[in-house]
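Enquirer: The structure under discussion is supplied below as structure tokens; questions concerning it will follow.
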Amino acid sequence: MMKINRKMSRTKEIIQVEKWISLWSIGQEYSLEDIKQIKEHDFNGVEIWAEHHLAEQAFKYANECDLQIGLHLPFHDLNLATQYDEIAAYTLALTKKWIKKLAYYNGSHAVIHGGQAMASEDLDKVYPKMIERLKELSDFSLANNVELLFENQIPDGLNYMHILPSNIEEWLDVLNKTNTKACLDVGHLAIQGDEFKDTVNRLGGLLKSIHLSDNDGKSDLHLLPNDGTVIQNNIINVLSKQNYQGPVVFEINPYKYSLKDILEHPSVKEFNI
Ligand SMILES: [Zn+2]
């Protein structure tokens, strides 16, 4: 009897992979009505895009629609791995401002990019600085009840500059040294040439969010699932086997698809990926 109960509770956990959408996917102009549509299509949460003109408004809309809230922190013009102290100070201050805002709305997680060494030869010099800055932000986030998620990026194939992280080993090293958790971008990973299942296994309990989009294995196209060649329709399966319980965030190209395209897509409607 006890055995059956334990099995049942495990089944319950499997259902807790959550359907989320990145608001980047719906473009710069949106209304409360759009966010209501998202709620009506059974999404559990939204990841607000800090660089959107309407990002402030988005927090209020999400709250009003009773959606969970995450945040993609700003990254353009910012660089955690900069060699310039002034740029680092600006990056840290602006990032903290957004983490505070997220905390005010009881948001769960914030996704951050690692920036880049502007010449690959500079990596050794800036790597410890980047670690120190990210650790500071991780501590700040935890003090505000927010989980900071460090996202995998697409490496510079020509190695002119070094984007952080550029491979799985580097990613794990940063996660361990900074006490951050992982946001795994499925499209970025495919272009890097790493396998989804292996990576999920290697990340284990560090994995806290998935950014989901399809592509052709070469460019970061942010296509709907099955419009590219990368998504193999086993995402939820692989995640469930790892007992993953976090969000799967559809992060879809707003210059190619409308909100309606996304909401009516079978992979979204049936959450079949
Ligand atoms: Zn990102």
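Every chain in the structure tokens has a letter given in the order shown (A, B, ...), and although residue numbers restart at 1 in each chain, ligands are simply numbered from 1 in the order shown.
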Using only C-alpha atoms, which protein or nucleic acid residues come within 7 Å of Pro247 in chain A? Drop anything in the same chain fewer than 3 positions from it, and give the result as a PyMOL selection string.
Expert: chain A and resi 17-20+209-210
Enquirer: Next, dump the selected residues to file, keeping only C-alpha atoms, as a CSV table (one decimal), in the first residue's frame.
Expert:
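That gives us part_17.csv:
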```
chain,number,residue,atom,x,y,z
A,17,VAL,CA,6.6,20.8,-15.7
A,18,GLU,CA,5.1,24.2,-16.3
A,19,LYS,CA,4.1,26.0,-19.5
A,20,TRP,CA,5.5,29.5,-19.7
A,209,SER,CA,14.5,26.7,-16.4
A,210,ILE,CA,14.3,25.8,-20.1
```
Enquirer: Kindly compile the residues surrounding ligand 1 within 8 Å, counting only C-alpha atoms and all ligand atoms, and format them as a list in words.
Expert: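 Within the 8 Å cut-off, the matching residues are His72, Val111, Ile112, His113, Glu151, Asn152, Gln153 and Asp185 of chain A.
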Enquirer: Could those residues be written to a file, using C-alpha atoms, as a PDB file, in the first residue's frame?
Expert:
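Saved file result22.pdb follows:
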```pdb
ATOM      1  CA  HIS A  72      14.941  38.088 -18.457  1.00  0.00           C
ATOM      2  CA  VAL A 111      17.804  34.980 -16.215  1.00  0.00           C
ATOM      3  CA  ILE A 112      21.217  36.541 -16.784  1.00  0.00           C
ATOM      4  CA  HIS A 113      23.868  36.454 -19.522  1.00  0.00           C
ATOM      5  CA  GLU A 151      21.996  30.966 -19.316  1.00  0.00           C
ATOM      6  CA  ASN A 152      24.071  29.036 -21.862  1.00  0.00           C
ATOM      7  CA  GLN A 153      25.055  31.125 -24.899  1.00  0.00           C
ATOM      8  CA  ASP A 185      18.358  27.422 -23.888  1.00  0.00           C
TER       9      ASP A 185
END
```
Enquirer: Based on the backbone DSSP call, show me all residues of range 193-222 of chain A assigned strand (DSSP E or B), as a PDB file with N, CA and C atoms, in the first residue's frame.
Expert:
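Output file result-v9.pdb is given in full below:
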```pdb
ATOM      1  N   LEU A 207      19.505  22.559 -12.875  1.00  0.00           N
ATOM      2  CA  LEU A 207      18.630  23.031 -13.944  1.00  0.00           C
ATOM      3  C   LEU A 207      17.308  23.560 -13.375  1.00  0.00           C
ATOM      4  N   LYS A 208      17.033  24.835 -13.640  1.00  0.00           N
ATOM      5  CA  LYS A 208      15.820  25.453 -13.064  1.00  0.00           C
ATOM      6  C   LYS A 208      14.892  26.055 -14.103  1.00  0.00           C
ATOM      7  N   SER A 209      15.356  26.228 -15.340  1.00  0.00           N
ATOM      8  CA  SER A 209      14.451  26.740 -16.374  1.00  0.00           C
ATOM      9  C   SER A 209      14.937  26.317 -17.758  1.00  0.00           C
ATOM     10  N   ILE A 210      13.965  26.184 -18.665  1.00  0.00           N
ATOM     11  CA  ILE A 210      14.268  25.831 -20.057  1.00  0.00           C
ATOM     12  C   ILE A 210      13.775  26.964 -20.949  1.00  0.00           C
ATOM     13  N   HIS A 211      14.620  27.438 -21.856  1.00  0.00           N
ATOM     14  CA  HIS A 211      14.173  28.335 -22.928  1.00  0.00           C
ATOM     15  C   HIS A 211      13.981  27.483 -24.170  1.00  0.00           C
ATOM     16  N   LEU A 212      12.760  27.457 -24.682  1.00  0.00           N
ATOM     17  CA  LEU A 212      12.439  26.536 -25.768  1.00  0.00           C
ATOM     18  C   LEU A 212      12.188  27.254 -27.090  1.00  0.00           C
ATOM     19  N   ASP A 214      13.004  26.337 -31.660  1.00  0.00           N
ATOM     20  CA  ASP A 214      13.608  25.452 -32.650  1.00  0.00           C
ATOM     21  C   ASP A 214      14.492  26.280 -33.582  1.00  0.00           C
TER      22      ASP A 214
END
```
Enquirer: Identify, on the basis of only C-alpha atoms, every residue whose closest approach to range 229-234 of chain A does not exceed 6 Å; exclude the query and any residue fewer than 6 positions from it along the same chain; express the result as a VMD selection string.
Expert: chain A and resid 214 to 216 273
Enquirer: Save the residues we just selected, N, CA and C atoms, as a PDB file, in the first residue's frame?
Expert:
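Result saved to again_10.pdb:
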```pdb
ATOM      1  N   ASP A 214      13.004  26.337 -31.660  1.00  0.00           N
ATOM      2  CA  ASP A 214      13.608  25.452 -32.650  1.00  0.00           C
ATOM      3  C   ASP A 214      14.492  26.280 -33.582  1.00  0.00           C
ATOM      4  N   ASN A 215      15.414  25.645 -34.278  1.00  0.00           N
ATOM      5  CA  ASN A 215      16.221  26.318 -35.302  1.00  0.00           C
ATOM      6  C   ASN A 215      16.791  25.279 -36.261  1.00  0.00           C
ATOM      7  N   ASP A 216      17.679  25.738 -37.160  1.00  0.00           N
ATOM      8  CA  ASP A 216      18.242  24.837 -38.166  1.00  0.00           C
ATOM      9  C   ASP A 216      19.607  24.270 -37.747  1.00  0.00           C
ATOM     10  N   ILE A 273       5.754  18.623 -26.551  1.00  0.00           N
ATOM     11  CA  ILE A 273       7.083  18.940 -27.093  1.00  0.00           C
ATOM     12  C   ILE A 273       8.087  17.874 -26.698  1.00  0.00           C
TER      13      ILE A 273
END
```
Enquirer: Pull the closest atom pair for each residue of range 28-102 of chain A that gets at most 10 Å from range 128-142 of chain A, along with the distance in Å to one decimal, counting only C-alpha atoms, ordering rows by chain and then ascending residue number, as CSV.
Expert:
```
residue,atom,partner,partner_atom,distance
A:Asn79,CA,A:Met130,CA,8.9
A:Leu80,CA,A:Met130,CA,5.5
A:Ala81,CA,A:Met130,CA,4.7
A:Thr82,CA,A:Met130,CA,7.7
A:Gln83,CA,A:Lys129,CA,8.2
A:Asp85,CA,A:Lys129,CA,9.8
A:Ala88,CA,A:Arg133,CA,8.0
A:Ala89,CA,A:Arg133,CA,9.3
A:Thr91,CA,A:Arg133,CA,9.4
A:Leu92,CA,A:Leu137,CA,7.3
A:Ala93,CA,A:Leu137,CA,9.7
A:Thr95,CA,A:Leu137,CA,7.9
A:Lys96,CA,A:Leu137,CA,7.2
A:Ile99,CA,A:Ser141,CA,6.5
A:Lys100,CA,A:Ser141,CA,8.2
A:Leu102,CA,A:Ser141,CA,9.8
```
Enquirer: Could you check how far CA of Val268 in chain A sits from CA of Asn226 in chain A, in Å to one decimal?
Expert: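 These atoms are spaced 11.6 Å apart.
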Enquirer: Report the closest atom pair, with its distance in Å rounded to one decimal, for each residue of range 14-70 of chain A that has an atom no farther than 7 Å from range 249-263 of chain A; count only C-alpha atoms, sort by chain and then rising residue number, and write it as a tab-separated table.
Expert:
```
residue	atom	partner	partner_atom	distance
A:Lys19	CA	A:Val249	CA	6.4
A:Trp20	CA	A:Val249	CA	4.4
A:Ile21	CA	A:Phe250	CA	4.6
A:Ser22	CA	A:Glu251	CA	5.1
A:Trp24	CA	A:Pro254	CA	6.9
A:Ser25	CA	A:Ile252	CA	4.7
A:Ile26	CA	A:Pro254	CA	5.5
A:Gly27	CA	A:Pro254	CA	5.2
A:His41	CA	A:Leu263	CA	6.8
```
Enquirer: Please provide as JSON, numbers by chain all residues within 8 Å of Thr180 in chain A, with the sequence filter that same-chain residues fewer than 5 positions apart are discarded (counting only C-alpha atoms).
Expert: {"A": [135, 138, 147, 148, 149, 150, 174, 175]}
Enquirer: Point out the residue among A:Ser31, A:Ser240, A:Asp194, A:Glu264 with the least atom-to-atom distance to Gln16 in chain A, counting only C-alpha atoms.
Expert: A:Ser240
Enquirer: Taking the backbone alone, and naming residues the way the document does, which bits of range 165-233 of chain A are alpha helix (DSSP H) by DSSP, as a list in words?
Expert: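 Answer for range 165-233 of chain A, restricted to alpha helix (DSSP H): Ile168, Glu169, Glu170, Trp171, Leu172, Asp173, Val174, Leu175, Asn176, Lys177, Thr178, Val186, Gly187, His188, Leu189, Ala190, Ile191, Gln192, Phe196, Lys197, Asp198, Thr199, Val200, Asn201, Arg202 and Leu203 of chain A.
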